[in-house]
$ cat work-v8.pdb   # PDB, C-alpha atoms and all ligand atoms
ATOM      1  CA  MET A  83       1.546 146.571  74.502
ATOM      2  CA  THR A  84       0.805 146.545  70.792
ATOM      3  CA  VAL A  85       2.152 144.123  68.208
ATOM      4  CA  ARG A  86       2.665 145.126  64.577
ATOM      5  CA  PHE A  87       4.575 144.041  61.484
ATOM      6  CA  VAL A  88       8.137 145.278  61.043
ATOM      7  CA  GLU A  89       8.483 148.043  58.463
ATOM      8  CA  PRO A  90      11.641 149.125  56.570
ATOM      9  CA  SER A  91      11.861 152.295  58.711
ATOM     10  CA  ASP A  92      12.290 150.089  61.806
ATOM     11  CA  ILE A  93      15.837 149.121  60.865
ATOM     12  CA  GLU A  94      17.642 151.519  63.235
ATOM     13  CA  PRO A  95      15.318 151.055  66.232
ATOM     14  CA  LEU A  96      15.604 147.302  65.655
ATOM     15  CA  ARG A  97      19.397 147.479  65.585
ATOM     16  CA  ARG A  98      19.304 149.415  68.874
ATOM     17  CA  TYR A  99      16.893 146.882  70.336
ATOM     18  CA  PHE A 100      19.110 143.905  69.481
ATOM     19  CA  GLY A 101      22.217 145.862  70.549
ATOM     20  CA  GLY A 102      20.582 146.451  73.944
ATOM     21  CA  LEU A 103      19.874 142.779  74.632
ATOM     22  CA  SER A 104      22.112 141.167  77.228
ATOM     23  CA  SER A 105      24.606 138.709  75.795
ATOM     24  CA  GLN A 106      22.660 135.887  77.450
ATOM     25  CA  SER A 107      19.366 136.920  75.809
ATOM     26  CA  HIS A 108      21.095 137.410  72.471
ATOM     27  CA  TYR A 109      22.718 133.997  72.785
ATOM     28  CA  ASN A 110      19.361 132.400  73.590
ATOM     29  CA  ARG A 111      17.463 134.194  70.821
ATOM     30  CA  PHE A 112      19.980 133.254  68.122
ATOM     31  CA  LEU A 113      20.614 129.764  69.463
ATOM     32  CA  GLY A 114      24.209 130.201  70.475
ATOM     33  CA  ALA A 115      25.280 133.103  68.250
ATOM     34  CA  THR A 116      27.045 135.804  70.235
ATOM     35  CA  ARG A 117      26.903 139.545  69.471
ATOM     36  CA  GLY A 118      25.590 140.800  66.159
ATOM     37  CA  VAL A 119      22.379 139.814  64.450
ATOM     38  CA  PRO A 120      23.095 137.551  61.482
ATOM     39  CA  PRO A 121      22.595 139.761  58.346
ATOM     40  CA  SER A 122      20.366 137.089  56.814
ATOM     41  CA  GLU A 123      18.049 137.358  59.828
ATOM     42  CA  PHE A 124      17.832 141.142  59.470
ATOM     43  CA  GLU A 125      17.132 140.883  55.735
ATOM     44  CA  ARG A 126      14.338 138.450  56.393
ATOM     45  CA  MET A 127      12.807 140.600  59.125
ATOM     46  CA  LEU A 128      12.690 143.648  56.878
ATOM     47  CA  ARG A 129      11.115 141.714  54.006
ATOM     48  CA  THR A 130       8.203 140.615  56.137
ATOM     49  CA  GLY A 131       5.445 138.929  54.194
ATOM     50  CA  GLU A 132       7.736 137.458  51.533
ATOM     51  CA  ALA A 133       7.943 133.698  51.161
ATOM     52  CA  HIS A 134       5.694 133.092  54.161
ATOM     53  CA  HIS A 135       8.145 134.839  56.529
ATOM     54  CA  PHE A 136       6.849 137.496  58.912
ATOM     55  CA  ALA A 137       8.366 139.652  61.645
ATOM     56  CA  VAL A 138       6.591 141.649  64.334
ATOM     57  CA  LEU A 139       7.507 144.155  67.012
ATOM     58  CA  ALA A 140       5.982 144.438  70.471
ATOM     59  CA  GLU A 141       5.874 148.069  71.540
ATOM     60  CA  PHE A 142       4.950 149.906  74.691
ATOM     61  CA  GLY A 143       3.971 153.529  75.188
ATOM     62  CA  ALA A 144       1.861 156.261  73.632
ATOM     63  CA  ALA A 145       1.587 156.433  69.847
ATOM     64  CA  ASP A 146       4.223 159.173  69.501
ATOM     65  CA  ALA A 147       6.741 157.634  71.921
ATOM     66  CA  ARG A 148       6.736 153.909  71.454
ATOM     67  CA  THR A 149       9.586 151.717  72.669
ATOM     68  CA  ILE A 150      10.335 148.277  71.263
ATOM     69  CA  ILE A 151      10.058 145.807  74.136
ATOM     70  CA  GLY A 152      10.073 142.604  72.118
ATOM     71  CA  GLU A 153      10.223 141.111  68.667
ATOM     72  CA  ALA A 154       9.338 137.881  66.976
ATOM     73  CA  ARG A 155       9.593 136.241  63.619
ATOM     74  CA  TYR A 156       7.412 133.489  62.304
ATOM     75  CA  ALA A 157       7.424 131.422  59.131
ATOM     76  CA  LEU A 158       4.709 129.242  57.665
ATOM     77  CA  ASP A 159       5.440 125.900  56.032
ATOM     78  CA  PRO A 160       2.211 125.534  54.037
ATOM     79  CA  GLN A 161       2.761 121.820  53.313
ATOM     80  CA  ALA A 162       3.227 120.921  56.947
ATOM     81  CA  GLN A 163       0.660 123.529  58.073
ATOM     82  CA  ALA A 164       3.243 124.490  60.672
ATOM     83  CA  VAL A 165       4.498 127.852  61.853
ATOM     84  CA  GLU A 166       8.013 128.171  63.288
ATOM     85  CA  VAL A 167       8.635 131.050  65.710
ATOM     86  CA  GLY A 168      11.553 132.817  67.368
ATOM     87  CA  ILE A 169      10.985 135.503  69.995
ATOM     88  CA  SER A 170      12.764 137.849  72.355
ATOM     89  CA  VAL A 171      11.802 140.360  75.037
ATOM     90  CA  ALA A 172      13.968 143.287  76.207
ATOM     91  CA  ASP A 173      15.800 142.276  79.388
ATOM     92  CA  ASP A 174      14.230 145.008  81.554
ATOM     93  CA  TRP A 175      10.833 143.579  80.723
ATOM     94  CA  HIS A 176      11.505 139.934  81.508
ATOM     95  CA  GLY A 177       9.125 138.283  83.935
ATOM     96  CA  HIS A 178       6.225 140.702  83.339
ATOM     97  CA  GLY A 179       4.204 138.553  80.971
ATOM     98  CA  VAL A 180       5.408 140.118  77.704
ATOM     99  CA  GLY A 181       6.797 136.821  76.384
ATOM    100  CA  SER A 182       3.540 135.056  77.215
ATOM    101  CA  ALA A 183       1.459 137.737  75.515
ATOM    102  CA  LEU A 184       3.708 137.758  72.461
ATOM    103  CA  LEU A 185       3.507 133.985  72.124
ATOM    104  CA  ALA A 186      -0.294 134.133  72.441
ATOM    105  CA  ASN A 187      -0.295 136.775  69.708
ATOM    106  CA  LEU A 188       1.827 134.521  67.471
ATOM    107  CA  GLU A 189      -0.552 131.617  68.088
ATOM    108  CA  CYS A 190      -3.386 133.852  66.827
ATOM    109  CA  ARG A 191      -1.412 134.821  63.782
ATOM    110  CA  ALA A 192      -0.516 131.181  63.091
ATOM    111  CA  VAL A 193      -4.170 130.128  63.277
ATOM    112  CA  ALA A 194      -5.134 133.014  61.006
ATOM    113  CA  ILE A 195      -2.725 131.932  58.243
ATOM    114  CA  GLY A 196      -3.883 128.328  58.354
ATOM    115  CA  ALA A 197      -1.378 126.569  60.601
ATOM    116  CA  ALA A 198      -2.321 123.533  62.654
ATOM    117  CA  VAL A 199       0.897 123.489  64.638
ATOM    118  CA  ILE A 200       3.212 126.127  66.081
ATOM    119  CA  PHE A 201       6.756 125.357  67.183
ATOM    120  CA  GLY A 202      10.142 126.852  68.013
ATOM    121  CA  ASP A 203      13.599 125.706  68.992
ATOM    122  CA  ALA A 204      15.489 126.714  72.122
ATOM    123  CA  LEU A 205      18.763 125.855  73.784
ATOM    124  CA  PRO A 206      18.285 123.230  76.495
ATOM    125  CA  THR A 207      19.731 125.683  79.051
ATOM    126  CA  ASN A 208      17.034 128.281  78.252
ATOM    127  CA  ARG A 209      14.893 127.856  81.384
ATOM    128  CA  GLU A 210      12.874 131.007  80.691
ATOM    129  CA  MET A 211      11.705 129.973  77.217
ATOM    130  CA  LEU A 212      11.126 126.359  78.121
ATOM    131  CA  GLY A 213       9.257 127.421  81.305
ATOM    132  CA  LEU A 214       7.112 129.778  79.281
ATOM    133  CA  ALA A 215       6.418 127.139  76.609
ATOM    134  CA  ARG A 216       5.526 124.499  79.202
ATOM    135  CA  ARG A 217       3.222 126.949  80.949
ATOM    136  CA  ARG A 218       1.387 127.595  77.673
ATOM    137  CA  GLY A 219       0.877 123.889  77.058
ATOM    138  CA  TYR A 220       3.683 123.206  74.590
ATOM    139  CA  ARG A 221       5.163 119.717  74.239
ATOM    140  CA  LEU A 222       8.944 119.527  74.555
ATOM    141  CA  THR A 223      10.853 117.236  72.180
ATOM    142  CA  HIS A 224      13.935 117.581  69.948
ATOM    143  CA  PRO A 225      14.106 118.703  66.327
ATOM    144  CA  PRO A 226      14.528 115.608  64.111
ATOM    145  CA  GLY A 227      18.142 114.451  64.308
ATOM    146  CA  ASP A 228      19.235 117.329  66.566
ATOM    147  CA  TRP A 229      19.682 116.513  70.223
ATOM    148  CA  LYS A 230      21.387 119.831  70.989
ATOM    149  CA  LEU A 231      18.151 121.822  70.798
ATOM    150  CA  VAL A 232      14.771 121.476  72.434
ATOM    151  CA  ARG A 233      11.705 121.898  70.225
ATOM    152  CA  PHE A 234       8.540 123.276  71.833
ATOM    153  CA  THR A 235       5.409 122.396  69.866
ATOM    154  CA  ARG A 236       1.732 123.051  70.275
ATOM    155  CA  ASP A 237      -1.209 121.774  68.266
ATOM    156  CA  ILE A 238      -3.262 124.925  67.834
ATOM    157  CA  ARG A 239      -6.116 123.156  66.047
ATOM    158  CA  ILE A 240      -7.276 121.657  69.293
ATOM    159  CA  ALA A 241      -6.060 124.336  71.700
ATOM    160  CA  GLN A 242      -9.051 125.803  73.529
ATOM    161  CA  ASP A 243      -7.295 128.905  74.788
ATOM    162  CA  VAL A 244      -5.888 130.319  71.556
ATOM    163  CA  PRO A 245      -7.675 133.665  71.825
ATOM    164  CA  CYS A 246      -8.524 134.086  68.151
ATOM    165  CA  ALA A 247      -9.129 130.479  67.093
ATOM    166  CA  ARG A 248     -12.224 131.636  65.263
ATOM    167  CA  SER A 249     -10.106 133.641  62.823
ATOM    168  CA  SER A 250      -9.196 130.295  61.221
ATOM    169  CA  ARG A 251     -12.597 130.586  59.530
ATOM    170  CA  ALA A 252     -11.098 133.337  57.418
ATOM    171  CA  VAL A 253      -8.461 130.984  56.009
ATOM    172  CA  PRO A 254     -10.576 129.260  53.315
ATOM    173  CA  LEU A 255     -11.762 132.707  52.206
ATOM    174  CA  LEU A 256      -8.210 134.002  51.961
ATOM    175  CA  ALA A 257      -7.122 130.870  50.091
ATOM    176  CA  ALA A 258     -10.022 131.236  47.669
ATOM    177  CA  ALA A 259      -9.051 134.850  47.088
ATOM    178  CA  GLY A 260      -5.533 133.696  46.163
TER     179      GLY A 260
HETATM  180  C1  LIG A 301      12.020 133.641  76.878
HETATM  181  C2  LIG A 301      11.499 135.055  77.016
HETATM  182  C3  LIG A 301      10.925 135.490  75.673
HETATM  183  C4  LIG A 301      10.396 135.076  78.075
HETATM  184  O1  LIG A 301       9.837 136.370  78.094
HETATM  185  P1  LIG A 301       9.214 136.999  79.440
HETATM  186  O2  LIG A 301       8.507 138.228  79.034
HETATM  187  O3  LIG A 301      10.217 137.099  80.496
HETATM  188  O4  LIG A 301       8.172 135.856  79.828
HETATM  189  P2  LIG A 301       6.935 135.991  80.802
HETATM  190  O5  LIG A 301       7.121 137.133  81.748
HETATM  191  O6  LIG A 301       5.703 135.993  79.959
HETATM  192  O7  LIG A 301       7.054 134.666  81.629
HETATM  193  C5  LIG A 301       6.246 133.591  81.301
HETATM  194  C6  LIG A 301       6.676 132.338  82.017
HETATM  195  O8  LIG A 301       8.039 132.061  81.683
HETATM  196  C7  LIG A 301       8.589 131.293  82.709
HETATM  197  N1  LIG A 301       9.776 131.953  83.209
HETATM  198  C8  LIG A 301      10.092 133.263  83.158
HETATM  199  N2  LIG A 301      11.291 133.473  83.731
HETATM  200  C9  LIG A 301      11.722 132.253  84.148
HETATM  201  C10 LIG A 301      12.880 131.775  84.812
HETATM  202  N3  LIG A 301      13.852 132.641  85.170
HETATM  203  N4  LIG A 301      13.000 130.455  85.069
HETATM  204  C11 LIG A 301      12.018 129.587  84.705
HETATM  205  N5  LIG A 301      10.890 129.966  84.070
HETATM  206  C12 LIG A 301      10.751 131.275  83.805
HETATM  207  C13 LIG A 301       7.555 131.151  83.749
HETATM  208  O9  LIG A 301       6.803 129.970  83.490
HETATM  209  C14 LIG A 301       6.678 132.360  83.523
HETATM  210  O10 LIG A 301       5.433 132.144  84.042
HETATM  211  P3  LIG A 301       4.979 132.954  85.382
HETATM  212  O11 LIG A 301       4.140 134.049  84.856
HETATM  213  O12 LIG A 301       4.254 131.944  86.173
HETATM  214  O13 LIG A 301       6.243 133.466  86.070
HETATM  215  C15 LIG A 301      12.623 136.035  77.485
HETATM  216  O14 LIG A 301      13.244 135.485  78.606
HETATM  217  C16 LIG A 301      13.661 136.319  76.408
HETATM  218  O15 LIG A 301      13.514 137.241  75.597
HETATM  219  N6  LIG A 301      14.776 135.538  76.406
HETATM  220  C17 LIG A 301      15.839 135.763  75.424
HETATM  221  C18 LIG A 301      15.454 135.281  74.018
HETATM  222  C19 LIG A 301      15.012 133.848  74.038
HETATM  223  O16 LIG A 301      15.411 133.060  74.876
HETATM  224  N7  LIG A 301      14.175 133.472  73.045
HETATM  225  C20 LIG A 301      13.711 132.105  72.939
HETATM  226  C21 LIG A 301      14.381 131.348  71.841
HETATM  227  S1  LIG A 301      13.529 131.591  70.328
END

$ encode --input "work-v8.pdb" --output "structure tokens"
Amino acid sequence: MTVRFVEPSDIEPLRRYFGGLSSQSHYNRFLGATRGVPPSEFERMLRTGEAHHFAVLAEFGAADARTIIGEARYALDPQAQAVEVGISVADDWHGHGVGSALLANLECRAVAIGAAVIFGDALPTNREMLGLARRRGYRLTHPPGDWKLVRFTRDIRIAQDVPCARSSRAVPLLAAAG
């Protein structure tokens, strides 16, 4: 599996990917929204890098025949030093560790852009996501003032098993470079 930033040419494959998700996965990924990716979400994914918003694809296969097997978006709040994430994995791939690997990848990316905390929101009925988050050491709470969602949060400053924690050393250099 490789993980890379979304590019404008990914629009059609991405549409097919989201169209292929089961209604349950779609519902869980978009926190209750049924079919159809909200246009605002698509816009944001394709403008990755703008306003601290990023989107990545997880792909499987040889370089000339890659299939999208997952996607994620993440956004940095520089003031709070927090990264918010949302992820999904193609249904056929559930239970094979893709979600875990993708989340680990996002933790790396969050550390690399200077975040101290990574978090996401899930529906309380989403056993898969909450199981995965718990397994990776996330704390489960609620977003402030919202008891309908569960927030999974991890302090990545102190996490020992974030695979690229050392890349945080690059952050002051990047900040200095503007
Ligand atoms: C949540 C999701 C990303 C997990 O991806 P995945 O590739 O299946 O996850 P993994 O295979 O890495 O599983 C990791 C852990 O999740 C948990 N898990 C997976 N399926 C589970 C289930 N049916 N019930 C409870 N826990 C489950 C387990 O703790 C598992 O650990 P294990 O290796 O000991 O089994 C995937 O189910 C998905 O895309 N769901 C739809 C979108 C979504 O819910 N996004 C989250 C909201 S942002």

$ axis_aligned_box --input "work-v8.pdb" --around "ligand LIG 301 (chain A)" --padding-each-side "4 Å" --output "AutoDock Vina command-line options"
--center_x 10.0 --center_y 133.9 --center_z 78.3 --size_x 19.7 --size_y 16.6 --size_z 23.8

$ residues_near_ligand --input "work-v8.pdb" --ligand "ligand LIG 301 (chain A)" --cutoff "8 Å" --atoms "only C-alpha atoms and all ligand atoms" --output "PDB file with C-alpha atoms, keeping the file's coordinate frame"
ATOM      1  CA  GLN A 106      22.660 135.887  77.450  1.00  0.00           C
ATOM      2  CA  SER A 107      19.366 136.920  75.809  1.00  0.00           C
ATOM      3  CA  HIS A 108      21.095 137.410  72.471  1.00  0.00           C
ATOM      4  CA  TYR A 109      22.718 133.997  72.785  1.00  0.00           C
ATOM      5  CA  ASN A 110      19.361 132.400  73.590  1.00  0.00           C
ATOM      6  CA  ARG A 111      17.463 134.194  70.821  1.00  0.00           C
ATOM      7  CA  PHE A 112      19.980 133.254  68.122  1.00  0.00           C
ATOM      8  CA  LEU A 113      20.614 129.764  69.463  1.00  0.00           C
ATOM      9  CA  GLY A 152      10.073 142.604  72.118  1.00  0.00           C
ATOM     10  CA  VAL A 167       8.635 131.050  65.710  1.00  0.00           C
ATOM     11  CA  GLY A 168      11.553 132.817  67.368  1.00  0.00           C
ATOM     12  CA  ILE A 169      10.985 135.503  69.995  1.00  0.00           C
ATOM     13  CA  SER A 170      12.764 137.849  72.355  1.00  0.00           C
ATOM     14  CA  VAL A 171      11.802 140.360  75.037  1.00  0.00           C
ATOM     15  CA  ALA A 172      13.968 143.287  76.207  1.00  0.00           C
ATOM     16  CA  ASP A 173      15.800 142.276  79.388  1.00  0.00           C
ATOM     17  CA  TRP A 175      10.833 143.579  80.723  1.00  0.00           C
ATOM     18  CA  HIS A 176      11.505 139.934  81.508  1.00  0.00           C
ATOM     19  CA  GLY A 177       9.125 138.283  83.935  1.00  0.00           C
ATOM     20  CA  HIS A 178       6.225 140.702  83.339  1.00  0.00           C
ATOM     21  CA  GLY A 179       4.204 138.553  80.971  1.00  0.00           C
ATOM     22  CA  VAL A 180       5.408 140.118  77.704  1.00  0.00           C
ATOM     23  CA  GLY A 181       6.797 136.821  76.384  1.00  0.00           C
ATOM     24  CA  SER A 182       3.540 135.056  77.215  1.00  0.00           C
ATOM     25  CA  ALA A 183       1.459 137.737  75.515  1.00  0.00           C
ATOM     26  CA  LEU A 184       3.708 137.758  72.461  1.00  0.00           C
ATOM     27  CA  GLY A 202      10.142 126.852  68.013  1.00  0.00           C
ATOM     28  CA  ASP A 203      13.599 125.706  68.992  1.00  0.00           C
ATOM     29  CA  ALA A 204      15.489 126.714  72.122  1.00  0.00           C
ATOM     30  CA  LEU A 205      18.763 125.855  73.784  1.00  0.00           C
ATOM     31  CA  ASN A 208      17.034 128.281  78.252  1.00  0.00           C
ATOM     32  CA  ARG A 209      14.893 127.856  81.384  1.00  0.00           C
ATOM     33  CA  GLU A 210      12.874 131.007  80.691  1.00  0.00           C
ATOM     34  CA  MET A 211      11.705 129.973  77.217  1.00  0.00           C
ATOM     35  CA  LEU A 212      11.126 126.359  78.121  1.00  0.00           C
ATOM     36  CA  GLY A 213       9.257 127.421  81.305  1.00  0.00           C
ATOM     37  CA  LEU A 214       7.112 129.778  79.281  1.00  0.00           C
ATOM     38  CA  ALA A 215       6.418 127.139  76.609  1.00  0.00           C
ATOM     39  CA  ARG A 216       5.526 124.499  79.202  1.00  0.00           C
ATOM     40  CA  ARG A 217       3.222 126.949  80.949  1.00  0.00           C
TER      41      ARG A 217
END

$ residues_around --input "work-v8.pdb" --residues "Thr235 in chain A" --least-positions-apart "5" --cutoff "8 Å" --atoms "all atoms listed in the file" --output "list in words"
Val199, Ile200, Phe201, Gly202, Tyr220, Arg221, Leu222 and Thr223 of chain A

$ closest_residue --input "work-v8.pdb" --among "A:Gly143, A:Gly196, A:Gly114, A:Gly227" --to "Val165 in chain A" --atoms "only C-alpha atoms"
A:Gly196

$ closest_residue --input "work-v8.pdb" --among "A:Cys190, A:Arg155, A:Gly102, A:Ala198" --to "Glu123 in chain A" --atoms "all atoms listed in the file"
A:Arg155

$ atom_distance --input "work-v8.pdb" --atom1 "CA of Leu185 in chain A" --atom2 "CA of Arg117 in chain A"
24.2 Å

$ atom_distance --input "work-v8.pdb" --atom1 "CA of Ala186 in chain A" --atom2 "CA of Arg218 in chain A"
8.5 Å

$ atom_distance --input "work-v8.pdb" --atom1 "CA of Pro206 in chain A" --atom2 "CA of Leu103 in chain A"
19.7 Å

$ build_atoms --input "work-v8.pdb" --residues "range 189-210 of chain A" --atoms "N, CA and C atoms" --output "PDB file, keeping the file's coordinate frame"
ATOM      1  N   GLU A 189       0.366 132.752  68.269  1.00  0.00           N
ATOM      2  CA  GLU A 189      -0.552 131.617  68.088  1.00  0.00           C
ATOM      3  C   GLU A 189      -1.764 132.074  67.267  1.00  0.00           C
ATOM      4  N   CYS A 190      -2.270 133.261  67.592  1.00  0.00           N
ATOM      5  CA  CYS A 190      -3.386 133.852  66.827  1.00  0.00           C
ATOM      6  C   CYS A 190      -3.027 133.995  65.365  1.00  0.00           C
ATOM      7  N   ARG A 191      -1.852 134.570  65.152  1.00  0.00           N
ATOM      8  CA  ARG A 191      -1.412 134.821  63.782  1.00  0.00           C
ATOM      9  C   ARG A 191      -1.246 133.503  63.029  1.00  0.00           C
ATOM     10  N   ALA A 192      -0.728 132.489  63.727  1.00  0.00           N
ATOM     11  CA  ALA A 192      -0.516 131.181  63.091  1.00  0.00           C
ATOM     12  C   ALA A 192      -1.857 130.567  62.688  1.00  0.00           C
ATOM     13  N   VAL A 193      -2.832 130.650  63.593  1.00  0.00           N
ATOM     14  CA  VAL A 193      -4.170 130.128  63.277  1.00  0.00           C
ATOM     15  C   VAL A 193      -4.733 130.868  62.063  1.00  0.00           C
ATOM     16  N   ALA A 194      -4.542 132.186  62.067  1.00  0.00           N
ATOM     17  CA  ALA A 194      -5.134 133.014  61.006  1.00  0.00           C
ATOM     18  C   ALA A 194      -4.544 132.724  59.625  1.00  0.00           C
ATOM     19  N   ILE A 195      -3.292 132.228  59.575  1.00  0.00           N
ATOM     20  CA  ILE A 195      -2.725 131.932  58.243  1.00  0.00           C
ATOM     21  C   ILE A 195      -2.798 130.430  57.918  1.00  0.00           C
ATOM     22  N   GLY A 196      -3.561 129.700  58.720  1.00  0.00           N
ATOM     23  CA  GLY A 196      -3.883 128.328  58.354  1.00  0.00           C
ATOM     24  C   GLY A 196      -3.005 127.255  58.957  1.00  0.00           C
ATOM     25  N   ALA A 197      -2.244 127.589  59.994  1.00  0.00           N
ATOM     26  CA  ALA A 197      -1.378 126.569  60.601  1.00  0.00           C
ATOM     27  C   ALA A 197      -2.162 125.699  61.588  1.00  0.00           C
ATOM     28  N   ALA A 198      -1.729 124.446  61.674  1.00  0.00           N
ATOM     29  CA  ALA A 198      -2.321 123.533  62.654  1.00  0.00           C
ATOM     30  C   ALA A 198      -1.392 123.387  63.852  1.00  0.00           C
ATOM     31  N   VAL A 199      -0.126 123.714  63.615  1.00  0.00           N
ATOM     32  CA  VAL A 199       0.897 123.489  64.638  1.00  0.00           C
ATOM     33  C   VAL A 199       1.798 124.712  64.709  1.00  0.00           C
ATOM     34  N   ILE A 200       2.226 125.050  65.920  1.00  0.00           N
ATOM     35  CA  ILE A 200       3.212 126.127  66.081  1.00  0.00           C
ATOM     36  C   ILE A 200       4.387 125.535  66.863  1.00  0.00           C
ATOM     37  N   PHE A 201       5.596 125.902  66.471  1.00  0.00           N
ATOM     38  CA  PHE A 201       6.756 125.357  67.183  1.00  0.00           C
ATOM     39  C   PHE A 201       7.930 126.325  67.123  1.00  0.00           C
ATOM     40  N   GLY A 202       8.897 126.091  68.019  1.00  0.00           N
ATOM     41  CA  GLY A 202      10.142 126.852  68.013  1.00  0.00           C
ATOM     42  C   GLY A 202      11.239 125.999  68.623  1.00  0.00           C
ATOM     43  N   ASP A 203      12.463 126.426  68.423  1.00  0.00           N
ATOM     44  CA  ASP A 203      13.599 125.706  68.992  1.00  0.00           C
ATOM     45  C   ASP A 203      14.303 126.590  70.010  1.00  0.00           C
ATOM     46  N   ALA A 204      14.777 125.975  71.082  1.00  0.00           N
ATOM     47  CA  ALA A 204      15.489 126.714  72.122  1.00  0.00           C
ATOM     48  C   ALA A 204      16.669 125.885  72.602  1.00  0.00           C
ATOM     49  N   LEU A 205      17.645 126.585  73.181  1.00  0.00           N
ATOM     50  CA  LEU A 205      18.763 125.855  73.784  1.00  0.00           C
ATOM     51  C   LEU A 205      18.245 125.146  75.033  1.00  0.00           C
ATOM     52  N   PRO A 206      18.789 123.975  75.330  1.00  0.00           N
ATOM     53  CA  PRO A 206      18.285 123.230  76.495  1.00  0.00           C
ATOM     54  C   PRO A 206      18.507 123.960  77.820  1.00  0.00           C
ATOM     55  N   THR A 207      19.456 124.917  77.828  1.00  0.00           N
ATOM     56  CA  THR A 207      19.731 125.683  79.051  1.00  0.00           C
ATOM     57  C   THR A 207      18.780 126.883  79.209  1.00  0.00           C
ATOM     58  N   ASN A 208      17.898 127.090  78.246  1.00  0.00           N
ATOM     59  CA  ASN A 208      17.034 128.281  78.252  1.00  0.00           C
ATOM     60  C   ASN A 208      15.793 128.030  79.126  1.00  0.00           C
ATOM     61  N   ARG A 209      15.974 128.164  80.440  1.00  0.00           N
ATOM     62  CA  ARG A 209      14.893 127.856  81.384  1.00  0.00           C
ATOM     63  C   ARG A 209      13.688 128.767  81.175  1.00  0.00           C
ATOM     64  N   GLU A 210      13.971 130.035  80.846  1.00  0.00           N
ATOM     65  CA  GLU A 210      12.874 131.007  80.691  1.00  0.00           C
ATOM     66  C   GLU A 210      11.944 130.591  79.548  1.00  0.00           C
TER      67      GLU A 210
END
